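I have placed the structure first, in the form of C-alpha cells, so that the comments after it can refer back to it.
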Amino acid sequence: MSLSAIDIAIVLAYVAFVSVLGGALGRKQKDASDYFLADHAIPWWAACFSVVATETSALTVISVPATAYTGDLWMLQLATGYLIGRIAISAFLLPRYFRGEIATAYVLLERRFGNGTRRFASIVFLVTRVLADGVRIFATAIPLAVIARIPVWQSIVAIGVFTLLYSYYGGLRAVVWVDVAQMFIYVVGGIAVLWVLLGMIPGGWDGLVRAAAPANKLRVLHLDGGFAQGNWLVTGIVGGAFLTMASHGADHLIVQRLLASPSLRDARRALIGSGVIVLLQFALFLLIGAGLWVFYEGRVFPQPDAVFPTFAIEHLPTGVAGLVVAAILAAAMSSSLNALAAVSVHDLYVPLTKRGGEEHLLRVGKRFTLAWGVVMIAVSLAFQLVAAGTPLVVIALQIASFTYGGLLGGFLLGLVSKRADGRDALTGMGIAVGAMASLWAAQQFGAMPRVVDTLWFALIGSAITVTVGEASARIRGSRPHPGPHPLA
C-alpha cells in the first residue's frame with residue numbers, strides 16, 4: 001500500500017500551509033497575554049472548532065469507525081453525555097473563569113486554597129498531558145509510517161517538529177486557527193470517505209441500512225448493562241458527563257481556548273457548540289464504521305483500527321486518499337504545547353522566581369514551548385521501545401482517567417465546601433489520584449475483576465476528593481469561611 005504522487009503532494013501542501021500560517025500569525029505577537037490567550041480576541045466559532053479539534057485525536061478518526069465495525073453506534077450515548085457535561089460547565093464553572101484576569105485554570109484553586117494546591121494541580125496537568133499526547137503522536141506515527149514507507153521514528157519527528165514550529169512562532173492564536181483548518185480537513189475527509197463508501201455499497205444508503213440494521217450494527221441505546229460496561233446507557237450519559245466536566249472544566253488545554261474568547265457569553269457558545277459538533281462528528285465516523293462492515297461483509301481484521309486506513313489506501317480515489325491521510329495527520333497535530341508553556345510560566349515560573357513583565361514572560365513562554373516540544377518528541381520516541389499494546393502505552397493512553405477526578409474534585413470542593421482549606425484539598429486530590437490509579441491498575445493487570453469502566457473514574461475521583469477534603473476539614477475542626485464564598 002502506498003500513496004500516489006498527487007496524494008503525497010496534498011499531504012505536503014497541508015504541512016506547508018500549517019507552518020506558514022503559524023509563522024504569519026506569530027508576527028503580530030506583542031506580549032505574553034497575546035502569546036497565551038490571543039488577547040481574548042478569538043471569535044466564539046473559532047474557539048468552538050478549536051475545542052473540537054483539540055479533543056479529536058488521530059486515534060478518534062481511526063478508532064471510532066473501528067468501534068462501529070466491531071460493535072454498533074453505542075458511542076452516541078457517550079457523545080450525548082459529553083454535551084450534558086458541557087452544559088453543566090457553562091452554568092457552574094465558566095462564570096468563575098471570567099471574573100477577573102485569569103492566566104490558567106488553576107488560578108481558581110489558588111484563590112480558594114492557596115498556591116500549593118494550584119501548583120499541585122499544575123504538575124498533575126503537565127505530567128498527564130505530556131504522557132497522553134506523547135503516546136498519541138506515537139500511535140499516529142505508526143499508520144503514517146506504513147503509508148509513507150518511512151521508519152516510525154521519522155514519522156514521530158516529522159509530526160513533532162511541524163507541531164512545534166507553528167506553536168512556537170504563532171502562540172495560541174496560531175494554535176486555534178490551525179485547529180480550525182485541521183477540523184475542516186478531517187471532517188471533509190470523513191464526509192468524502194462516507195460518500196465514496198456509499199457509492200461502493202450496492203444500493204448506497206438504503207443498502208447500508210438493509211444490511212446493517214438486521215445485524216444490530218445501527219443500534220444506539222444499551223439499556224442493559226452495568227458499571228463495568230462502557231456501552232451501558234448510564235455509563236455513557238453520567239460517566240461521559242463527568243469526564244467532560246473534568247476534561248473541559250479542569251484541564252487547561254481546553255480551558256485556555258475558552259479563556260481566549262472575548263466574553264463569558266462567547267465562551268459558553270463555543271463550549272456548548274463544540275458538544276453539538278462532537279455528537280455529529282461521532283455520528284459521521286460511526287456510520288463510516290458501519291458502512292465498512294457492510295462493504296467488507298464483516299471480514300475480521302487482525303487489528304480493528306486497521307480497517308479505516310486499509311480502506312483509505314486500497315479503495316479511495318487519488319486525491320481523496322491524500323486528504324484522508326492529511327486528516328489523520330491534522331488530528332495528531334492539534335497542539336498542547338502552548339497550554340503546557342502557559343501553565344509552566346504562570347503557575348510555576350512566576351511564583352518561584354517572582355519575575356514578571358509581559359515581554360519577559362513572552363520570551364520565557366517561547367522557551368518553555370520549545371522545551372516541551374522536545375520533551376514530547378522524546379516521550380513519543382521512547383514508546384518505540386515497547387509494543388503498542390503493552391501496559392506502558394495503555395497507561396499513557398488512560399492516565400487522564402485517573403487524574404481527572406482529582407482535578408475536577410478540587411474545583412468542586414472549592415464550590416461546595418466553606419470549611420476546607422489547602423491542606424484538605426491537597427489531601428483529597430492526592431488520595432483520589434492514588435485511589436483511581438490503584439483501581440485502574442488492579443483491573444488492568446487482573447488483581448481484581450473489572451467492576452467499573454474507566455468512564456466512571458472522573459465521577460468517582462471527584463467524589464473521593466470532595467468527601468475526603470470535607471472530612472479532613474471537619475476532623476481538624478476547621479470553621480466555615482466567613483463572608484462571601486471565595487468562588488461564589
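Lettering and numbering for the C-alpha cells are positional, with chains as A, B, ... in the shown order, residues counted from 1 in each chain, and ligands counted from 1 in the shown order.
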* Could you give me, as a ChimeraX atom specification, the residues within 9 Å of region 36-45 of chain A, counting only C-alpha atoms and dropping anything in the same chain fewer than 2 positions from it? => /A:29,31-34,47-50,103,171-174,176,256-263,265-271,273-274,338-339,341-342,362,365
Keeping only N, CA, C and O atoms, take the residues you just selected and write them out as a compact mmCIF listing (two decimals), in the first residue's frame.
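Output saved as result-v5.txt:
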```txt
# COMPACT_ATOMS: atom_id res chain seq x y z
N GLN A 29 2.51 39.08 17.44
CA GLN A 29 2.60 38.97 18.89
C GLN A 29 3.32 40.16 19.50
O GLN A 29 4.28 40.67 18.93
N ASP A 31 3.09 40.45 23.45
CA ASP A 31 3.36 40.18 24.86
C ASP A 31 2.87 38.78 25.23
O ASP A 31 2.35 38.04 24.38
N ALA A 32 3.04 38.43 26.51
CA ALA A 32 2.68 37.08 26.96
C ALA A 32 1.18 36.84 26.89
O ALA A 32 0.73 35.72 26.59
N SER A 33 0.38 37.87 27.18
CA SER A 33 -1.07 37.71 27.11
C SER A 33 -1.50 37.35 25.70
O SER A 33 -2.38 36.51 25.49
N ASP A 34 -0.87 37.96 24.72
CA ASP A 34 -1.16 37.65 23.33
C ASP A 34 -0.72 36.22 23.01
O ASP A 34 -1.44 35.47 22.34
N ALA A 47 -13.07 29.40 18.49
CA ALA A 47 -12.79 28.70 19.74
C ALA A 47 -13.54 27.37 19.80
O ALA A 47 -13.01 26.36 20.27
N CYS A 48 -14.77 27.37 19.30
CA CYS A 48 -15.57 26.15 19.26
C CYS A 48 -14.89 25.08 18.42
O CYS A 48 -14.71 23.93 18.85
N PHE A 49 -14.48 25.44 17.20
CA PHE A 49 -13.81 24.48 16.32
C PHE A 49 -12.49 24.01 16.92
O PHE A 49 -12.10 22.85 16.77
N SER A 50 -11.78 24.93 17.60
CA SER A 50 -10.51 24.57 18.21
C SER A 50 -10.70 23.55 19.33
O SER A 50 -9.91 22.61 19.47
N ALA A 103 -4.98 33.67 34.15
CA ALA A 103 -3.98 33.22 33.19
C ALA A 103 -4.11 31.73 32.89
O ALA A 103 -3.92 31.30 31.75
N GLY A 171 2.05 31.03 18.76
CA GLY A 171 1.33 31.13 20.02
C GLY A 171 -0.08 30.57 19.92
O GLY A 171 -0.41 29.84 18.98
N LEU A 172 -0.92 30.93 20.89
CA LEU A 172 -2.28 30.37 20.92
C LEU A 172 -3.09 30.78 19.70
O LEU A 172 -3.91 30.01 19.21
N ARG A 173 -2.87 31.99 19.18
CA ARG A 173 -3.62 32.42 18.01
C ARG A 173 -3.38 31.45 16.84
O ARG A 173 -4.32 31.04 16.16
N ALA A 174 -2.13 31.07 16.62
CA ALA A 174 -1.83 30.12 15.55
C ALA A 174 -2.41 28.76 15.86
O ALA A 174 -2.94 28.07 14.98
N VAL A 176 -5.08 28.01 17.57
CA VAL A 176 -6.53 28.00 17.36
C VAL A 176 -6.87 27.97 15.88
O VAL A 176 -7.69 27.16 15.43
N GLN A 256 -8.01 26.96 28.23
CA GLN A 256 -7.25 28.03 27.57
C GLN A 256 -7.98 28.53 26.32
O GLN A 256 -8.03 29.74 26.07
N ARG A 257 -8.55 27.63 25.53
CA ARG A 257 -9.29 28.04 24.33
C ARG A 257 -10.51 28.89 24.71
O ARG A 257 -10.83 29.86 24.03
N LEU A 258 -11.17 28.52 25.79
CA LEU A 258 -12.36 29.25 26.22
C LEU A 258 -11.99 30.62 26.78
O LEU A 258 -12.69 31.60 26.55
N LEU A 259 -10.87 30.69 27.51
CA LEU A 259 -10.42 31.98 28.06
C LEU A 259 -10.02 32.95 26.95
O LEU A 259 -10.00 34.17 27.17
N ALA A 260 -9.67 32.43 25.79
CA ALA A 260 -9.29 33.30 24.67
C ALA A 260 -10.50 33.96 24.02
O ALA A 260 -10.34 34.84 23.17
N SER A 261 -11.72 33.56 24.41
CA SER A 261 -12.93 34.17 23.88
C SER A 261 -13.11 35.57 24.47
O SER A 261 -12.66 35.85 25.58
N PRO A 262 -13.80 36.47 23.76
CA PRO A 262 -13.96 37.85 24.25
C PRO A 262 -14.82 37.97 25.50
O PRO A 262 -14.66 38.92 26.26
N SER A 263 -15.75 37.04 25.73
CA SER A 263 -16.68 37.19 26.86
C SER A 263 -17.17 35.83 27.33
O SER A 263 -16.97 34.81 26.66
N ARG A 265 -20.27 34.95 27.46
CA ARG A 265 -21.30 34.50 26.51
C ARG A 265 -20.66 33.79 25.33
O ARG A 265 -21.13 32.73 24.89
N ASP A 266 -19.57 34.33 24.80
CA ASP A 266 -18.88 33.69 23.68
C ASP A 266 -18.29 32.35 24.09
O ASP A 266 -18.32 31.38 23.32
N ALA A 267 -17.72 32.28 25.29
CA ALA A 267 -17.14 31.02 25.77
C ALA A 267 -18.21 29.95 25.91
O ALA A 267 -17.99 28.78 25.57
N ARG A 268 -19.38 30.34 26.40
CA ARG A 268 -20.47 29.37 26.53
C ARG A 268 -20.92 28.87 25.16
O ARG A 268 -21.18 27.67 24.96
N ARG A 269 -21.05 29.78 24.20
CA ARG A 269 -21.45 29.38 22.85
C ARG A 269 -20.42 28.42 22.26
O ARG A 269 -20.78 27.44 21.61
N ALA A 270 -19.14 28.72 22.49
CA ALA A 270 -18.07 27.86 21.96
C ALA A 270 -18.12 26.47 22.59
O ALA A 270 -18.01 25.46 21.88
N LEU A 271 -18.30 26.42 23.91
CA LEU A 271 -18.26 25.14 24.61
C LEU A 271 -19.47 24.27 24.26
O LEU A 271 -19.32 23.09 23.91
N GLY A 273 -21.51 24.64 21.71
CA GLY A 273 -21.47 24.35 20.28
C GLY A 273 -20.52 23.21 19.96
O GLY A 273 -20.80 22.39 19.08
N SER A 274 -19.41 23.15 20.68
CA SER A 274 -18.46 22.06 20.44
C SER A 274 -19.08 20.70 20.77
O SER A 274 -18.79 19.70 20.12
N ASN A 338 1.35 25.06 23.76
CA ASN A 338 1.12 26.40 24.30
C ASN A 338 0.49 26.34 25.68
O ASN A 338 0.81 27.13 26.57
N ALA A 339 -0.42 25.38 25.89
CA ALA A 339 -1.04 25.21 27.21
C ALA A 339 -0.01 24.74 28.23
O ALA A 339 0.00 25.21 29.38
N ALA A 341 3.19 25.37 28.12
CA ALA A 341 4.05 26.51 28.40
C ALA A 341 3.36 27.53 29.30
O ALA A 341 3.98 28.10 30.21
N ALA A 342 2.06 27.76 29.06
CA ALA A 342 1.32 28.72 29.88
C ALA A 342 1.29 28.31 31.34
O ALA A 342 1.53 29.14 32.24
N LEU A 362 6.90 36.61 27.66
CA LEU A 362 6.76 36.14 26.28
C LEU A 362 7.99 35.35 25.87
O LEU A 362 7.87 34.26 25.29
N GLY A 365 7.99 32.12 27.79
CA GLY A 365 6.95 31.24 27.27
C GLY A 365 7.39 30.51 26.02
O GLY A 365 7.12 29.31 25.85
```
* Asked: Residues at most 9 Å from region 400-408 of chain A, counting only C-alpha atoms, excluding those fewer than 5 positions away in the same chain, as a PyMOL selection string?
  -> chain A and resi 121+124-125+128-129+132+242-243+245-247+249-251+413+428-440+454-465
Restrict the selected residues to N, CA, C and O atoms and save them as a compact mmCIF listing (two decimals), in the first residue's frame.
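Okay, part-v6.txt is ready:
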```txt
# COMPACT_ATOMS: atom_id res chain seq x y z
N ALA A 121 -2.00 20.93 41.23
CA ALA A 121 -2.86 20.70 40.07
C ALA A 121 -2.10 20.94 38.78
O ALA A 121 -2.28 20.21 37.79
N VAL A 124 0.19 17.96 38.06
CA VAL A 124 -0.62 16.84 37.59
C VAL A 124 -1.00 17.04 36.12
O VAL A 124 -0.93 16.12 35.30
N PHE A 125 -1.42 18.27 35.78
CA PHE A 125 -1.77 18.57 34.39
C PHE A 125 -0.57 18.36 33.46
O PHE A 125 -0.71 17.73 32.40
N THR A 128 0.25 14.58 33.09
CA THR A 128 -0.82 13.91 32.36
C THR A 128 -0.78 14.25 30.88
O THR A 128 -0.85 13.37 30.02
N ARG A 129 -0.65 15.54 30.60
CA ARG A 129 -0.73 15.98 29.21
C ARG A 129 0.44 15.52 28.37
O ARG A 129 0.28 15.07 27.23
N ALA A 132 0.09 11.66 27.78
CA ALA A 132 -1.03 11.32 26.92
C ALA A 132 -0.80 11.77 25.49
O ALA A 132 -1.04 11.01 24.53
N PHE A 242 -19.45 13.55 33.47
CA PHE A 242 -18.42 13.91 34.45
C PHE A 242 -17.03 13.91 33.82
O PHE A 242 -16.18 14.73 34.19
N LEU A 243 -16.78 12.99 32.88
CA LEU A 243 -15.49 13.01 32.20
C LEU A 243 -15.29 14.32 31.46
O LEU A 243 -14.22 14.93 31.50
N MET A 245 -16.86 17.19 32.17
CA MET A 245 -16.71 18.26 33.16
C MET A 245 -15.27 18.38 33.62
O MET A 245 -14.77 19.48 33.88
N ALA A 246 -14.58 17.23 33.71
CA ALA A 246 -13.17 17.26 34.11
C ALA A 246 -12.27 17.73 32.97
O ALA A 246 -11.44 18.63 33.15
N SER A 247 -12.45 17.15 31.79
CA SER A 247 -11.56 17.46 30.67
C SER A 247 -11.76 18.87 30.13
O SER A 247 -10.82 19.50 29.64
N GLY A 249 -13.46 21.39 31.97
CA GLY A 249 -13.60 22.37 33.04
C GLY A 249 -12.40 22.49 33.93
O GLY A 249 -12.21 23.51 34.60
N ALA A 250 -11.54 21.44 33.97
CA ALA A 250 -10.40 21.44 34.88
C ALA A 250 -9.07 21.21 34.18
O ALA A 250 -8.03 21.21 34.82
N ASP A 251 -9.10 21.00 32.87
CA ASP A 251 -7.89 20.77 32.08
C ASP A 251 -7.59 22.05 31.31
O ASP A 251 -8.39 22.50 30.48
N LEU A 413 -14.76 20.81 45.29
CA LEU A 413 -14.59 21.04 46.72
C LEU A 413 -14.61 22.53 47.03
O LEU A 413 -15.22 22.98 48.01
N GLY A 428 -7.42 15.47 49.73
CA GLY A 428 -8.47 14.86 48.92
C GLY A 428 -8.02 14.55 47.51
O GLY A 428 -8.26 13.45 46.99
N MET A 429 -7.35 15.50 46.87
CA MET A 429 -6.89 15.30 45.50
C MET A 429 -5.84 14.20 45.41
O MET A 429 -5.87 13.36 44.52
N GLY A 430 -4.91 14.20 46.34
CA GLY A 430 -3.86 13.19 46.34
C GLY A 430 -4.41 11.79 46.55
O GLY A 430 -4.03 10.84 45.85
N ILE A 431 -5.34 11.63 47.51
CA ILE A 431 -5.94 10.33 47.76
C ILE A 431 -6.77 9.89 46.56
O ILE A 431 -6.76 8.71 46.18
N ALA A 432 -7.47 10.82 45.94
CA ALA A 432 -8.30 10.47 44.78
C ALA A 432 -7.44 9.96 43.63
O ALA A 432 -7.75 8.92 43.02
N VAL A 433 -6.36 10.67 43.31
CA VAL A 433 -5.49 10.23 42.21
C VAL A 433 -4.87 8.87 42.53
O VAL A 433 -4.84 7.96 41.68
N GLY A 434 -4.41 8.70 43.77
CA GLY A 434 -3.84 7.41 44.15
C GLY A 434 -4.85 6.28 44.11
O GLY A 434 -4.55 5.18 43.65
N ALA A 435 -6.06 6.55 44.61
CA ALA A 435 -7.10 5.52 44.63
C ALA A 435 -7.51 5.11 43.22
O ALA A 435 -7.67 3.92 42.93
N MET A 436 -7.67 6.09 42.33
CA MET A 436 -8.10 5.76 40.97
C MET A 436 -6.99 5.06 40.20
O MET A 436 -7.26 4.15 39.41
N ALA A 437 -5.74 5.44 40.45
CA ALA A 437 -4.63 4.74 39.80
C ALA A 437 -4.56 3.30 40.28
O ALA A 437 -4.33 2.37 39.49
N SER A 438 -4.79 3.09 41.56
CA SER A 438 -4.76 1.73 42.11
C SER A 438 -5.90 0.88 41.57
O SER A 438 -5.71 -0.28 41.21
N LEU A 439 -7.10 1.47 41.50
CA LEU A 439 -8.24 0.75 40.95
C LEU A 439 -8.01 0.39 39.50
O LEU A 439 -8.28 -0.74 39.07
N TRP A 440 -7.50 1.35 38.74
CA TRP A 440 -7.22 1.08 37.32
C TRP A 440 -6.20 -0.05 37.17
O TRP A 440 -6.39 -0.97 36.38
N THR A 454 -13.63 2.74 33.04
CA THR A 454 -12.84 3.94 33.28
C THR A 454 -13.63 5.23 33.04
O THR A 454 -13.24 6.30 33.52
N LEU A 455 -14.74 5.15 32.31
CA LEU A 455 -15.57 6.34 32.12
C LEU A 455 -16.17 6.85 33.43
O LEU A 455 -16.57 8.01 33.52
N TRP A 456 -16.22 6.00 34.43
CA TRP A 456 -16.75 6.40 35.74
C TRP A 456 -15.68 7.02 36.63
O TRP A 456 -15.98 7.55 37.70
N PHE A 457 -14.43 6.95 36.23
CA PHE A 457 -13.35 7.36 37.12
C PHE A 457 -13.40 8.84 37.49
O PHE A 457 -13.04 9.23 38.60
N ALA A 458 -13.81 9.70 36.55
CA ALA A 458 -13.87 11.14 36.86
C ALA A 458 -14.89 11.40 37.96
O ALA A 458 -14.63 12.19 38.88
N LEU A 459 -16.04 10.74 37.88
CA LEU A 459 -17.06 10.90 38.91
C LEU A 459 -16.58 10.34 40.25
O LEU A 459 -16.70 11.00 41.29
N ILE A 460 -16.04 9.14 40.23
CA ILE A 460 -15.58 8.52 41.48
C ILE A 460 -14.45 9.33 42.11
O ILE A 460 -14.43 9.59 43.31
N GLY A 461 -13.48 9.73 41.28
CA GLY A 461 -12.36 10.52 41.80
C GLY A 461 -12.81 11.85 42.37
O GLY A 461 -12.30 12.30 43.40
N SER A 462 -13.77 12.49 41.70
CA SER A 462 -14.30 13.76 42.21
C SER A 462 -15.00 13.56 43.55
O SER A 462 -14.82 14.36 44.49
N ALA A 463 -15.79 12.48 43.64
CA ALA A 463 -16.50 12.20 44.89
C ALA A 463 -15.52 11.93 46.03
O ALA A 463 -15.73 12.39 47.17
N ILE A 464 -14.45 11.21 45.74
CA ILE A 464 -13.43 10.94 46.78
C ILE A 464 -12.79 12.25 47.24
O ILE A 464 -12.61 12.49 48.44
N THR A 465 -12.45 13.10 46.29
CA THR A 465 -11.81 14.37 46.63
C THR A 465 -12.69 15.22 47.54
O THR A 465 -12.25 15.73 48.58
```
* Asked: From the list A:Ser4, A:Thr310, A:Thr80, A:Gln384, which residue is nearest Ile142 (chain A) when using only C-alpha atoms?
  -> A:Gln384
* **Spatial neighbours of Thr104 (chain A), max dist 8 Å, only C-alpha atoms, sep filter under 3 positions, as a ChimeraX atom specification** => /A:107,252,255-256,342-343,346-347
How would the residues just picked look written out with N, CA, C and O atoms as an mmCIF file, in the first residue's frame?
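Result file is again_8.cif:
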```cif
data_model
loop_
_atom_site.group_PDB
_atom_site.id
_atom_site.type_symbol
_atom_site.label_atom_id
_atom_site.label_comp_id
_atom_site.auth_asym_id
_atom_site.auth_seq_id
_atom_site.Cartn_x
_atom_site.Cartn_y
_atom_site.Cartn_z
ATOM 1 N N VAL A 107 -5.609 29.087 38.575
ATOM 2 C CA VAL A 107 -5.675 30.295 39.395
ATOM 3 C C VAL A 107 -6.873 30.219 40.334
ATOM 4 O O VAL A 107 -6.810 30.683 41.489
ATOM 5 N N HIS A 252 -6.436 22.651 31.556
ATOM 6 C CA HIS A 252 -6.137 23.944 30.933
ATOM 7 C C HIS A 252 -6.022 23.853 29.419
ATOM 8 O O HIS A 252 -6.148 24.872 28.728
ATOM 9 N N VAL A 255 -9.609 24.735 28.684
ATOM 10 C CA VAL A 255 -9.973 25.998 29.318
ATOM 11 C C VAL A 255 -9.252 27.167 28.653
ATOM 12 O O VAL A 255 -9.818 28.255 28.493
ATOM 13 N N GLN A 256 -8.011 26.962 28.232
ATOM 14 C CA GLN A 256 -7.255 28.027 27.573
ATOM 15 C C GLN A 256 -7.978 28.534 26.325
ATOM 16 O O GLN A 256 -8.025 29.744 26.070
ATOM 17 N N ALA A 342 2.059 27.756 29.060
ATOM 18 C CA ALA A 342 1.319 28.725 29.879
ATOM 19 C C ALA A 342 1.292 28.311 31.338
ATOM 20 O O ALA A 342 1.527 29.135 32.243
ATOM 21 N N VAL A 343 1.003 27.043 31.596
ATOM 22 C CA VAL A 343 0.974 26.548 32.974
ATOM 23 C C VAL A 343 2.366 26.606 33.588
ATOM 24 O O VAL A 343 2.538 26.975 34.763
ATOM 25 N N HIS A 346 3.046 30.605 34.237
ATOM 26 C CA HIS A 346 2.207 31.323 35.200
ATOM 27 C C HIS A 346 2.038 30.597 36.533
ATOM 28 O O HIS A 346 1.902 31.247 37.573
ATOM 29 N N ASP A 347 2.030 29.263 36.499
ATOM 30 C CA ASP A 347 1.781 28.529 37.748
ATOM 31 C C ASP A 347 3.054 28.096 38.459
ATOM 32 O O ASP A 347 3.016 27.820 39.660
#
```
* **Which residue of A:Asp305, A:Glu297, A:Asp7, A:Asp424 approaches Gly116 (chain A) most closely, using only C-alpha atoms** => A:Asp424
Would you write out, as a tab-separated table, a table of all residues in region 32-115 of chain A that have an atom no more than 8 Å from an atom of region 279-283 of chain A, listing for each the closest atom pair and the distance in Å to one decimal, considering only C-alpha atoms and ordering rows by chain and rising residue number?
```
residue	atom	partner	partner_atom	distance
A:Val64	CA	A:Phe282	CA	7.3
A:Leu73	CA	A:Ala283	CA	7.8
A:Met75	CA	A:Phe282	CA	7.4
A:Leu76	CA	A:Phe282	CA	6.6
A:Ala79	CA	A:Leu279	CA	5.1
A:Thr80	CA	A:Leu279	CA	6.7
A:Leu83	CA	A:Leu279	CA	7.8
```
Produce a file of the selected residues containing N, CA and C atoms, as a PDB file, in the first residue's frame.
```
ATOM      1  N   VAL A  64     -12.893   5.297  16.182  1.00  0.00           N
ATOM      2  CA  VAL A  64     -14.352   5.377  16.248  1.00  0.00           C
ATOM      3  C   VAL A  64     -14.995   4.524  15.142  1.00  0.00           C
ATOM      4  N   LEU A  73     -23.445   1.574  17.234  1.00  0.00           N
ATOM      5  CA  LEU A  73     -23.339   3.022  17.368  1.00  0.00           C
ATOM      6  C   LEU A  73     -23.478   3.495  18.822  1.00  0.00           C
ATOM      7  N   MET A  75     -21.541   4.613  20.930  1.00  0.00           N
ATOM      8  CA  MET A  75     -20.771   5.779  21.356  1.00  0.00           C
ATOM      9  C   MET A  75     -21.562   7.082  21.237  1.00  0.00           C
ATOM     10  N   LEU A  76     -22.694   7.062  20.544  1.00  0.00           N
ATOM     11  CA  LEU A  76     -23.544   8.249  20.509  1.00  0.00           C
ATOM     12  C   LEU A  76     -24.117   8.546  21.898  1.00  0.00           C
ATOM     13  N   ALA A  79     -21.374  10.545  23.475  1.00  0.00           N
ATOM     14  CA  ALA A  79     -21.344  11.909  22.947  1.00  0.00           C
ATOM     15  C   ALA A  79     -22.461  12.764  23.549  1.00  0.00           C
ATOM     16  N   THR A  80     -23.595  12.138  23.834  1.00  0.00           N
ATOM     17  CA  THR A  80     -24.688  12.860  24.498  1.00  0.00           C
ATOM     18  C   THR A  80     -24.282  13.251  25.918  1.00  0.00           C
ATOM     19  N   LEU A  83     -22.111  16.295  25.817  1.00  0.00           N
ATOM     20  CA  LEU A  83     -22.868  17.534  25.656  1.00  0.00           C
ATOM     21  C   LEU A  83     -23.472  17.992  26.984  1.00  0.00           C
TER      22      LEU A  83
END
```
* Structure fact -> Leu12 (chain A) proximity check over A:Trp205, A:Phe295, A:Phe162, A:Phe411, using only C-alpha atoms: winner is A:Phe162
